Amino acid sequence: MCIYHQENEKTKDPAVKDMLTKRKMVQALAAGGALSLAGPALSGCVTNPETGASQLLLIGEGQLSQMAAQSWAQAKKTQKLSTDPRYTKRLANIGGRIAQGSGRADQAWDFAVFDSDTRNAFVLPGNRVGFYRGMMDFAGSDDQIAAIMGHEVGHVAGRHAQERVSQQMAGQIGLAVGGVVGASQFGKRCKSLRGAEQRRCYQSANRNSQLLNAAMGMGLTLGVILPFSRKHESQSDLLGAKYMHRSGYDPYQAVKLWEKMAEASPARQPELLSTHPDPARRARDLHNYISYQEQLGSQGWQNIKSPKRS
Ligand SMILES: [Zn+2]
């Protein structure tokens, strides 16, 4: 059993926090009935080889990818796609190199450029990376575009979407199971009953399971659209720098990019910043990380450790 820390600062609901701190979620998971949605993909608490962090994963990458397929198709249908090879070929090339640097060149990737001035980029489960033309223009150089690409691929390697959705599920399971049926498995106790009593028991178990599924469905939807937590953002920054280094890009250009974002006047700041707070601090953290990894020489770039803050 793993101890699950709810670190997503977005969860302000005291009920959710309470459930999680009391590890009702773990009890709920032990109840079994709730697990049908996660099925064989359920892996529980695992250590992420890329970040070294312990993660609660209740949903598989494949399942999440299926869920995201629709959002991706929708984005491509409702927004104008660029067909300009100066953008599309460039992005595919940079994406391919970063995928290689992240050790994921054998996976299928989809890189799309949306023909809009918006300064934003995003990643959806299933290795789907979207850039707006405005973001590529703002970055300007291949190295700085690679910095954003590295960051988005970092979200994939960090399994951030999976973790975020799992946190949502955990919250919902904690609430639904903890609040409605306790830690008993749906319908299990009905077996020992007879007649009308048993019928009522099964009806109630059914209702509870429907309620739970609805709650979880809501959690899943939220999880896909919610911004990543600050912890995930900084992990992605560092992973991105590592992949830049491994792909032959200059990781210090990631520092430059965030400095550039910090300098842009608020009205002109990239929309990316709405989900990526405090660019100046991120530039500093990146600089610390990169110079530390360089100091390590041949031992460098193995992980995303930074020097201890004094
Ligand atoms: Zn991000």
# chains A, B, ... in the order shown; residues from 1 in each chain; ligands from 1
>>> residues_around(residues="Leu56 in chain A", least_positions_apart="4", cutoff="7 Å", atoms="only C-alpha atoms", output="list in words")
Tyr4, Gly44, Cys45, Val46, Glu163 and Ser166 of chain A
>>> write_last_selection(atoms="N, CA and C atoms", output="mmCIF file, in the first residue's frame")
data_model
loop_
_atom_site.group_PDB
_atom_site.id
_atom_site.type_symbol
_atom_site.label_atom_id
_atom_site.label_comp_id
_atom_site.auth_asym_id
_atom_site.auth_seq_id
_atom_site.Cartn_x
_atom_site.Cartn_y
_atom_site.Cartn_z
ATOM 1 N N TYR A 4 -0.548 8.110 -0.204
ATOM 2 C CA TYR A 4 -0.847 9.021 -1.298
ATOM 3 C C TYR A 4 -0.959 10.446 -0.783
ATOM 4 N N GLY A 44 -1.969 1.340 -9.380
ATOM 5 C CA GLY A 44 -1.770 1.872 -8.048
ATOM 6 C C GLY A 44 -0.585 2.802 -7.956
ATOM 7 N N CYS A 45 0.183 2.623 -6.909
ATOM 8 C CA CYS A 45 1.294 3.549 -6.670
ATOM 9 C C CYS A 45 2.570 3.008 -7.301
ATOM 10 N N VAL A 46 3.131 3.769 -8.183
ATOM 11 C CA VAL A 46 4.344 3.324 -8.875
ATOM 12 C C VAL A 46 5.366 4.452 -8.900
ATOM 13 N N GLU A 163 -1.645 10.920 -13.851
ATOM 14 C CA GLU A 163 -1.647 11.192 -12.415
ATOM 15 C C GLU A 163 -2.780 12.156 -12.039
ATOM 16 N N SER A 166 -6.012 10.402 -12.180
ATOM 17 C CA SER A 166 -6.068 9.467 -11.053
ATOM 18 C C SER A 166 -6.405 10.200 -9.762
#
>>> residues_near_ligand(ligand="ligand 1", cutoff="10 Å", atoms="only C-alpha atoms and all ligand atoms", output="MDAnalysis selection string")
chainID A and resid 121:123 148:155 160 227:237 272:273 275:277
>>> closest_residue(among="A:Glu50, A:Asp117, A:Asp250, A:Glu61", to="Asp142 in chain A", atoms="only C-alpha atoms")
A:Asp250
>>> select_by_dssp(residues="range 25-149 of chain A", states="strand (DSSP E or B)", output="list in words")
Gly44, Cys45, Val46, Thr47, Ser54, Gln55, Leu56, Leu57, Leu81, Asp110, Phe111, Ala112, Val113, Phe114, Ala121, Phe122, Val123, Leu124, Arg128, Val129, Gly130, Phe131 and Tyr132 of chain A
>>> residues_around(residues="Trp301 in chain A", least_positions_apart="2", cutoff="12 Å", atoms="only C-alpha atoms", output="PyMOL selection string")
chain A and resi 50-51+101-102+238-247+251+289-299+303-306
>>> write_last_selection(atoms="N, CA and C atoms", output="PDB file, in the first residue's frame")
ATOM      1  N   GLU A  50      11.342   8.316 -14.853  1.00  0.00           N
ATOM      2  CA  GLU A  50      11.887   9.574 -15.356  1.00  0.00           C
ATOM      3  C   GLU A  50      12.067  10.620 -14.260  1.00  0.00           C
ATOM      4  N   THR A  51      11.132  10.658 -13.331  1.00  0.00           N
ATOM      5  CA  THR A  51      11.182  11.704 -12.313  1.00  0.00           C
ATOM      6  C   THR A  51      11.635  11.167 -10.959  1.00  0.00           C
ATOM      7  N   GLY A 101      15.278  12.162 -27.974  1.00  0.00           N
ATOM      8  CA  GLY A 101      16.021  12.516 -26.762  1.00  0.00           C
ATOM      9  C   GLY A 101      15.332  12.036 -25.492  1.00  0.00           C
ATOM     10  N   SER A 102      14.015  11.854 -25.580  1.00  0.00           N
ATOM     11  CA  SER A 102      13.269  11.388 -24.403  1.00  0.00           C
ATOM     12  C   SER A 102      13.167   9.865 -24.371  1.00  0.00           C
ATOM     13  N   LEU A 238      12.187  20.700 -16.203  1.00  0.00           N
ATOM     14  CA  LEU A 238      13.494  20.061 -16.051  1.00  0.00           C
ATOM     15  C   LEU A 238      13.649  18.888 -17.019  1.00  0.00           C
ATOM     16  N   LEU A 239      12.585  18.106 -17.154  1.00  0.00           N
ATOM     17  CA  LEU A 239      12.645  16.997 -18.118  1.00  0.00           C
ATOM     18  C   LEU A 239      12.889  17.549 -19.516  1.00  0.00           C
ATOM     19  N   GLY A 240      12.221  18.643 -19.828  1.00  0.00           N
ATOM     20  CA  GLY A 240      12.366  19.268 -21.144  1.00  0.00           C
ATOM     21  C   GLY A 240      13.812  19.674 -21.413  1.00  0.00           C
ATOM     22  N   ALA A 241      14.454  20.251 -20.391  1.00  0.00           N
ATOM     23  CA  ALA A 241      15.856  20.656 -20.540  1.00  0.00           C
ATOM     24  C   ALA A 241      16.742  19.440 -20.770  1.00  0.00           C
ATOM     25  N   LYS A 242      16.426  18.377 -20.052  1.00  0.00           N
ATOM     26  CA  LYS A 242      17.199  17.141 -20.213  1.00  0.00           C
ATOM     27  C   LYS A 242      17.061  16.605 -21.647  1.00  0.00           C
ATOM     28  N   TYR A 243      15.846  16.622 -22.150  1.00  0.00           N
ATOM     29  CA  TYR A 243      15.621  16.115 -23.510  1.00  0.00           C
ATOM     30  C   TYR A 243      16.271  17.023 -24.546  1.00  0.00           C
ATOM     31  N   MET A 244      16.274  18.319 -24.274  1.00  0.00           N
ATOM     32  CA  MET A 244      16.966  19.255 -25.176  1.00  0.00           C
ATOM     33  C   MET A 244      18.442  18.893 -25.260  1.00  0.00           C
ATOM     34  N   HIS A 245      19.030  18.708 -24.091  1.00  0.00           N
ATOM     35  CA  HIS A 245      20.450  18.351 -24.045  1.00  0.00           C
ATOM     36  C   HIS A 245      20.701  17.065 -24.840  1.00  0.00           C
ATOM     37  N   ARG A 246      19.860  16.066 -24.616  1.00  0.00           N
ATOM     38  CA  ARG A 246      20.049  14.764 -25.261  1.00  0.00           C
ATOM     39  C   ARG A 246      19.766  14.796 -26.757  1.00  0.00           C
ATOM     40  N   SER A 247      19.035  15.814 -27.182  1.00  0.00           N
ATOM     41  CA  SER A 247      18.706  15.907 -28.615  1.00  0.00           C
ATOM     42  C   SER A 247      19.642  16.866 -29.336  1.00  0.00           C
ATOM     43  N   PRO A 251      20.156  23.651 -23.925  1.00  0.00           N
ATOM     44  CA  PRO A 251      19.121  23.771 -22.878  1.00  0.00           C
ATOM     45  C   PRO A 251      19.016  25.177 -22.287  1.00  0.00           C
ATOM     46  N   TYR A 289      19.299  24.112 -12.501  1.00  0.00           N
ATOM     47  CA  TYR A 289      19.309  22.695 -12.872  1.00  0.00           C
ATOM     48  C   TYR A 289      20.342  22.417 -13.962  1.00  0.00           C
ATOM     49  N   ILE A 290      20.319  23.231 -14.999  1.00  0.00           N
ATOM     50  CA  ILE A 290      21.207  22.991 -16.138  1.00  0.00           C
ATOM     51  C   ILE A 290      22.673  23.136 -15.721  1.00  0.00           C
ATOM     52  N   SER A 291      22.987  24.189 -14.975  1.00  0.00           N
ATOM     53  CA  SER A 291      24.395  24.379 -14.600  1.00  0.00           C
ATOM     54  C   SER A 291      24.855  23.274 -13.648  1.00  0.00           C
ATOM     55  N   TYR A 292      23.946  22.810 -12.801  1.00  0.00           N
ATOM     56  CA  TYR A 292      24.284  21.701 -11.899  1.00  0.00           C
ATOM     57  C   TYR A 292      24.568  20.426 -12.696  1.00  0.00           C
ATOM     58  N   GLN A 293      23.727  20.139 -13.669  1.00  0.00           N
ATOM     59  CA  GLN A 293      23.924  18.931 -14.475  1.00  0.00           C
ATOM     60  C   GLN A 293      25.219  19.013 -15.269  1.00  0.00           C
ATOM     61  N   GLU A 294      25.559  20.204 -15.718  1.00  0.00           N
ATOM     62  CA  GLU A 294      26.808  20.377 -16.471  1.00  0.00           C
ATOM     63  C   GLU A 294      28.017  20.155 -15.572  1.00  0.00           C
ATOM     64  N   GLN A 295      27.897  20.606 -14.315  1.00  0.00           N
ATOM     65  CA  GLN A 295      28.999  20.405 -13.365  1.00  0.00           C
ATOM     66  C   GLN A 295      29.272  18.924 -13.123  1.00  0.00           C
ATOM     67  N   LEU A 296      28.232  18.116 -13.243  1.00  0.00           N
ATOM     68  CA  LEU A 296      28.383  16.683 -12.974  1.00  0.00           C
ATOM     69  C   LEU A 296      29.140  15.958 -14.082  1.00  0.00           C
ATOM     70  N   GLY A 297      29.410  16.656 -15.152  1.00  0.00           N
ATOM     71  CA  GLY A 297      30.186  16.086 -16.256  1.00  0.00           C
ATOM     72  C   GLY A 297      29.530  14.858 -16.840  1.00  0.00           C
ATOM     73  N   SER A 298      30.290  13.769 -16.935  1.00  0.00           N
ATOM     74  CA  SER A 298      29.759  12.563 -17.578  1.00  0.00           C
ATOM     75  C   SER A 298      28.640  11.936 -16.761  1.00  0.00           C
ATOM     76  N   GLN A 299      28.555  12.322 -15.489  1.00  0.00           N
ATOM     77  CA  GLN A 299      27.492  11.780 -14.637  1.00  0.00           C
ATOM     78  C   GLN A 299      26.210  12.617 -14.724  1.00  0.00           C
ATOM     79  N   ASN A 303      19.076  12.512 -14.243  1.00  0.00           N
ATOM     80  CA  ASN A 303      17.810  12.679 -13.519  1.00  0.00           C
ATOM     81  C   ASN A 303      17.406  14.158 -13.551  1.00  0.00           C
ATOM     82  N   ILE A 304      16.434  14.508 -12.730  1.00  0.00           N
ATOM     83  CA  ILE A 304      16.026  15.917 -12.735  1.00  0.00           C
ATOM     84  C   ILE A 304      16.303  16.557 -11.365  1.00  0.00           C
ATOM     85  N   LYS A 305      17.446  16.172 -10.805  1.00  0.00           N
ATOM     86  CA  LYS A 305      17.818  16.737  -9.500  1.00  0.00           C
ATOM     87  C   LYS A 305      18.501  18.096  -9.692  1.00  0.00           C
ATOM     88  N   SER A 306      18.177  18.997  -8.812  1.00  0.00           N
ATOM     89  CA  SER A 306      18.806  20.317  -8.792  1.00  0.00           C
ATOM     90  C   SER A 306      19.635  20.420  -7.531  1.00  0.00           C
TER      91      SER A 306
END
>>> atom_distance(atom1="CA of Gly103 in chain A", atom2="CA of Phe138 in chain A")
27.4 Å
>>> residues_around(residues="Ile94 in chain A", least_positions_apart="3", cutoff="9 Å", atoms="only C-alpha atoms", output="JSON list (two decimals) with N, CA and C atoms, in the first residue's frame")
[["chain", "number", "residue", "atom", "x", "y", "z"],
["A", 89, "LYS", "N", 6.57, 21.22, -40.95],
["A", 89, "LYS", "CA", 7.79, 20.39, -41.08],
["A", 89, "LYS", "C", 8.76, 20.71, -39.94],
["A", 90, "ARG", "N", 8.85, 21.99, -39.65],
["A", 90, "ARG", "CA", 9.77, 22.42, -38.59],
["A", 90, "ARG", "C", 9.37, 21.79, -37.26],
["A", 91, "LEU", "N", 8.09, 21.84, -36.95],
["A", 91, "LEU", "CA", 7.62, 21.29, -35.68],
["A", 91, "LEU", "C", 7.79, 19.77, -35.64],
["A", 97, "ARG", "N", 13.04, 14.96, -32.93],
["A", 97, "ARG", "CA", 14.32, 14.97, -32.22],
["A", 97, "ARG", "C", 14.13, 14.90, -30.71],
["A", 98, "ILE", "N", 13.16, 15.66, -30.22],
["A", 98, "ILE", "CA", 12.91, 15.64, -28.77],
["A", 98, "ILE", "C", 12.36, 14.27, -28.33],
["A", 99, "ALA", "N", 11.50, 13.70, -29.16],
["A", 99, "ALA", "CA", 10.98, 12.36, -28.84],
["A", 99, "ALA", "C", 12.14, 11.37, -28.72],
["A", 142, "ASP", "N", 14.85, 27.37, -33.35],
["A", 142, "ASP", "CA", 14.60, 25.94, -33.16],
["A", 142, "ASP", "C", 14.81, 25.54, -31.70],
["A", 143, "ASP", "N", 15.87, 26.10, -31.10],
["A", 143, "ASP", "CA", 16.18, 25.73, -29.71],
["A", 143, "ASP", "C", 15.05, 26.13, -28.76],
["A", 145, "ILE", "N", 11.87, 26.67, -29.61],
["A", 145, "ILE", "CA", 10.69, 25.83, -29.90],
["A", 145, "ILE", "C", 10.91, 24.47, -29.24],
["A", 146, "ALA", "N", 12.15, 23.98, -29.31],
["A", 146, "ALA", "CA", 12.48, 22.70, -28.68],
["A", 146, "ALA", "C", 12.29, 22.76, -27.16],
["A", 149, "MET", "N", 8.66, 22.21, -26.75],
["A", 149, "MET", "CA", 8.40, 20.81, -27.10],
["A", 149, "MET", "C", 8.89, 19.89, -26.00]]
>>> residues_around(residues="Met136 in chain A", least_positions_apart="5", cutoff="8 Å", atoms="only C-alpha atoms", output="number ranges by chain")
A: 87, 119, 131, 145
>>> write_last_selection(atoms="N, CA and C atoms", output="CSV table (one decimal), in the first residue's frame")
chain,number,residue,atom,x,y,z
A,87,TYR,N,6.2,25.8,-40.9
A,87,TYR,CA,5.7,25.5,-39.5
A,87,TYR,C,5.6,24.0,-39.3
A,119,ARG,N,-0.4,32.5,-28.6
A,119,ARG,CA,0.9,32.0,-28.1
A,119,ARG,C,0.6,31.0,-27.1
A,131,PHE,N,0.7,23.0,-31.3
A,131,PHE,CA,1.4,24.3,-31.2
A,131,PHE,C,0.5,25.3,-31.9
A,145,ILE,N,11.9,26.7,-29.6
A,145,ILE,CA,10.7,25.8,-29.9
A,145,ILE,C,10.9,24.5,-29.2
>>> select_by_dssp(residues="range 86-116 of chain A", states="alpha helix (DSSP H)", output="list in words")
Arg86, Tyr87, Thr88, Lys89, Arg90, Leu91, Ala92, Asn93, Ile94, Gly95, Gly96, Arg97, Ile98, Ala99, Gln100 and Gly101 of chain A
>>> write_last_selection(atoms="N, CA and C atoms", output="PDB file, in the first residue's frame")
ATOM      1  N   ARG A  86       6.815  25.459 -43.448  1.00  0.00           N
ATOM      2  CA  ARG A  86       7.798  26.163 -42.612  1.00  0.00           C
ATOM      3  C   ARG A  86       7.440  26.003 -41.139  1.00  0.00           C
ATOM      4  N   TYR A  87       6.171  25.763 -40.886  1.00  0.00           N
ATOM      5  CA  TYR A  87       5.740  25.508 -39.514  1.00  0.00           C
ATOM      6  C   TYR A  87       5.595  24.010 -39.252  1.00  0.00           C
ATOM      7  N   THR A  88       4.836  23.339 -40.115  1.00  0.00           N
ATOM      8  CA  THR A  88       4.516  21.926 -39.836  1.00  0.00           C
ATOM      9  C   THR A  88       5.761  21.036 -39.888  1.00  0.00           C
ATOM     10  N   LYS A  89       6.573  21.223 -40.946  1.00  0.00           N
ATOM     11  CA  LYS A  89       7.789  20.390 -41.076  1.00  0.00           C
ATOM     12  C   LYS A  89       8.762  20.713 -39.941  1.00  0.00           C
ATOM     13  N   ARG A  90       8.848  21.994 -39.652  1.00  0.00           N
ATOM     14  CA  ARG A  90       9.767  22.416 -38.592  1.00  0.00           C
ATOM     15  C   ARG A  90       9.370  21.785 -37.257  1.00  0.00           C
ATOM     16  N   LEU A  91       8.086  21.839 -36.953  1.00  0.00           N
ATOM     17  CA  LEU A  91       7.619  21.289 -35.684  1.00  0.00           C
ATOM     18  C   LEU A  91       7.795  19.767 -35.640  1.00  0.00           C
ATOM     19  N   ALA A  92       7.485  19.105 -36.770  1.00  0.00           N
ATOM     20  CA  ALA A  92       7.629  17.644 -36.821  1.00  0.00           C
ATOM     21  C   ALA A  92       9.091  17.259 -36.613  1.00  0.00           C
ATOM     22  N   ASN A  93       9.981  18.049 -37.210  1.00  0.00           N
ATOM     23  CA  ASN A  93      11.409  17.778 -37.082  1.00  0.00           C
ATOM     24  C   ASN A  93      11.878  17.935 -35.629  1.00  0.00           C
ATOM     25  N   ILE A  94      11.490  19.054 -35.022  1.00  0.00           N
ATOM     26  CA  ILE A  94      11.885  19.311 -33.630  1.00  0.00           C
ATOM     27  C   ILE A  94      11.247  18.276 -32.706  1.00  0.00           C
ATOM     28  N   GLY A  95       9.973  17.982 -32.966  1.00  0.00           N
ATOM     29  CA  GLY A  95       9.263  16.989 -32.152  1.00  0.00           C
ATOM     30  C   GLY A  95       9.922  15.622 -32.244  1.00  0.00           C
ATOM     31  N   GLY A  96      10.316  15.253 -33.447  1.00  0.00           N
ATOM     32  CA  GLY A  96      10.967  13.958 -33.665  1.00  0.00           C
ATOM     33  C   GLY A  96      12.286  13.874 -32.892  1.00  0.00           C
ATOM     34  N   ARG A  97      13.035  14.961 -32.925  1.00  0.00           N
ATOM     35  CA  ARG A  97      14.322  14.968 -32.223  1.00  0.00           C
ATOM     36  C   ARG A  97      14.129  14.902 -30.713  1.00  0.00           C
ATOM     37  N   ILE A  98      13.163  15.656 -30.216  1.00  0.00           N
ATOM     38  CA  ILE A  98      12.911  15.644 -28.766  1.00  0.00           C
ATOM     39  C   ILE A  98      12.365  14.275 -28.329  1.00  0.00           C
ATOM     40  N   ALA A  99      11.499  13.696 -29.156  1.00  0.00           N
ATOM     41  CA  ALA A  99      10.982  12.355 -28.840  1.00  0.00           C
ATOM     42  C   ALA A  99      12.140  11.374 -28.722  1.00  0.00           C
ATOM     43  N   GLN A 100      13.095  11.506 -29.628  1.00  0.00           N
ATOM     44  CA  GLN A 100      14.300  10.672 -29.599  1.00  0.00           C
ATOM     45  C   GLN A 100      15.073  10.908 -28.299  1.00  0.00           C
ATOM     46  N   GLY A 101      15.278  12.162 -27.974  1.00  0.00           N
ATOM     47  CA  GLY A 101      16.021  12.516 -26.762  1.00  0.00           C
ATOM     48  C   GLY A 101      15.332  12.036 -25.492  1.00  0.00           C
TER      49      GLY A 101
END
>>> atom_distance(atom1="CA of Arg128 in chain A", atom2="CA of Lys260 in chain A")
25.9 Å
>>> atom_distance(atom1="CA of Gly130 in chain A", atom2="CA of Ala112 in chain A")
4.9 Å
>>> closest_residue(among="A:Tyr202, A:Met169, A:Gln144, A:Asn120", to="Trp258 in chain A", atoms="only C-alpha atoms")
A:Gln144
>>> closest_residue(among="A:Leu81, A:Ile59, A:Leu257, A:Ala283", to="Ala147 in chain A", atoms="only C-alpha atoms")
A:Leu257
>>> decode(residues="range 248-306 of chain A", atoms="C-alpha atoms", output="PDB file, in the first residue's frame")
ATOM      1  CA  GLY A 248      21.587  18.270 -29.258  1.00  0.00           C
ATOM      2  CA  TYR A 249      19.718  21.489 -28.498  1.00  0.00           C
ATOM      3  CA  ASP A 250      21.067  24.143 -26.161  1.00  0.00           C
ATOM      4  CA  PRO A 251      19.121  23.771 -22.878  1.00  0.00           C
ATOM      5  CA  TYR A 252      20.043  27.308 -21.835  1.00  0.00           C
ATOM      6  CA  GLN A 253      17.669  28.475 -24.549  1.00  0.00           C
ATOM      7  CA  ALA A 254      14.852  27.247 -22.305  1.00  0.00           C
ATOM      8  CA  VAL A 255      16.076  29.728 -19.693  1.00  0.00           C
ATOM      9  CA  LYS A 256      16.153  32.434 -22.346  1.00  0.00           C
ATOM     10  CA  LEU A 257      12.630  31.564 -23.440  1.00  0.00           C
ATOM     11  CA  TRP A 258      11.185  31.886 -19.943  1.00  0.00           C
ATOM     12  CA  GLU A 259      13.079  35.136 -19.409  1.00  0.00           C
ATOM     13  CA  LYS A 260      11.613  36.395 -22.638  1.00  0.00           C
ATOM     14  CA  MET A 261       8.139  35.414 -21.435  1.00  0.00           C
ATOM     15  CA  ALA A 262       8.748  37.198 -18.134  1.00  0.00           C
ATOM     16  CA  GLU A 263       9.833  40.335 -19.975  1.00  0.00           C
ATOM     17  CA  ALA A 264       6.837  40.472 -22.278  1.00  0.00           C
ATOM     18  CA  SER A 265       4.436  43.084 -20.930  1.00  0.00           C
ATOM     19  CA  PRO A 266       1.413  41.477 -19.279  1.00  0.00           C
ATOM     20  CA  ALA A 267      -0.894  42.363 -22.150  1.00  0.00           C
ATOM     21  CA  ARG A 268       1.503  40.780 -24.644  1.00  0.00           C
ATOM     22  CA  GLN A 269       2.377  37.763 -22.569  1.00  0.00           C
ATOM     23  CA  PRO A 270       1.837  34.363 -24.117  1.00  0.00           C
ATOM     24  CA  GLU A 271      -1.368  32.661 -23.096  1.00  0.00           C
ATOM     25  CA  LEU A 272       0.771  29.747 -22.100  1.00  0.00           C
ATOM     26  CA  LEU A 273       1.486  31.747 -18.963  1.00  0.00           C
ATOM     27  CA  SER A 274      -2.081  31.517 -17.739  1.00  0.00           C
ATOM     28  CA  THR A 275      -1.383  27.886 -16.881  1.00  0.00           C
ATOM     29  CA  HIS A 276       2.352  28.300 -16.333  1.00  0.00           C
ATOM     30  CA  PRO A 277       2.855  30.803 -13.516  1.00  0.00           C
ATOM     31  CA  ASP A 278       5.906  32.839 -12.586  1.00  0.00           C
ATOM     32  CA  PRO A 279       8.170  32.618 -15.618  1.00  0.00           C
ATOM     33  CA  ALA A 280      11.074  34.408 -13.882  1.00  0.00           C
ATOM     34  CA  ARG A 281      11.256  31.811 -11.149  1.00  0.00           C
ATOM     35  CA  ARG A 282      11.069  29.038 -13.688  1.00  0.00           C
ATOM     36  CA  ALA A 283      13.931  30.565 -15.646  1.00  0.00           C
ATOM     37  CA  ARG A 284      16.010  30.613 -12.442  1.00  0.00           C
ATOM     38  CA  ASP A 285      15.126  27.032 -11.521  1.00  0.00           C
ATOM     39  CA  LEU A 286      16.019  25.890 -15.026  1.00  0.00           C
ATOM     40  CA  HIS A 287      19.320  27.721 -14.904  1.00  0.00           C
ATOM     41  CA  ASN A 288      20.194  26.106 -11.560  1.00  0.00           C
ATOM     42  CA  TYR A 289      19.309  22.695 -12.872  1.00  0.00           C
ATOM     43  CA  ILE A 290      21.207  22.991 -16.138  1.00  0.00           C
ATOM     44  CA  SER A 291      24.395  24.379 -14.600  1.00  0.00           C
ATOM     45  CA  TYR A 292      24.284  21.701 -11.899  1.00  0.00           C
ATOM     46  CA  GLN A 293      23.924  18.931 -14.475  1.00  0.00           C
ATOM     47  CA  GLU A 294      26.808  20.377 -16.471  1.00  0.00           C
ATOM     48  CA  GLN A 295      28.999  20.405 -13.365  1.00  0.00           C
ATOM     49  CA  LEU A 296      28.383  16.683 -12.974  1.00  0.00           C
ATOM     50  CA  GLY A 297      30.186  16.086 -16.256  1.00  0.00           C
ATOM     51  CA  SER A 298      29.759  12.563 -17.578  1.00  0.00           C
ATOM     52  CA  GLN A 299      27.492  11.780 -14.637  1.00  0.00           C
ATOM     53  CA  GLY A 300      25.150  14.590 -15.545  1.00  0.00           C
ATOM     54  CA  TRP A 301      21.704  14.547 -17.163  1.00  0.00           C
ATOM     55  CA  GLN A 302      20.672  11.264 -15.550  1.00  0.00           C
ATOM     56  CA  ASN A 303      17.810  12.679 -13.519  1.00  0.00           C
ATOM     57  CA  ILE A 304      16.026  15.917 -12.735  1.00  0.00           C
ATOM     58  CA  LYS A 305      17.818  16.737  -9.500  1.00  0.00           C
ATOM     59  CA  SER A 306      18.806  20.317  -8.792  1.00  0.00           C
TER      60      SER A 306
END
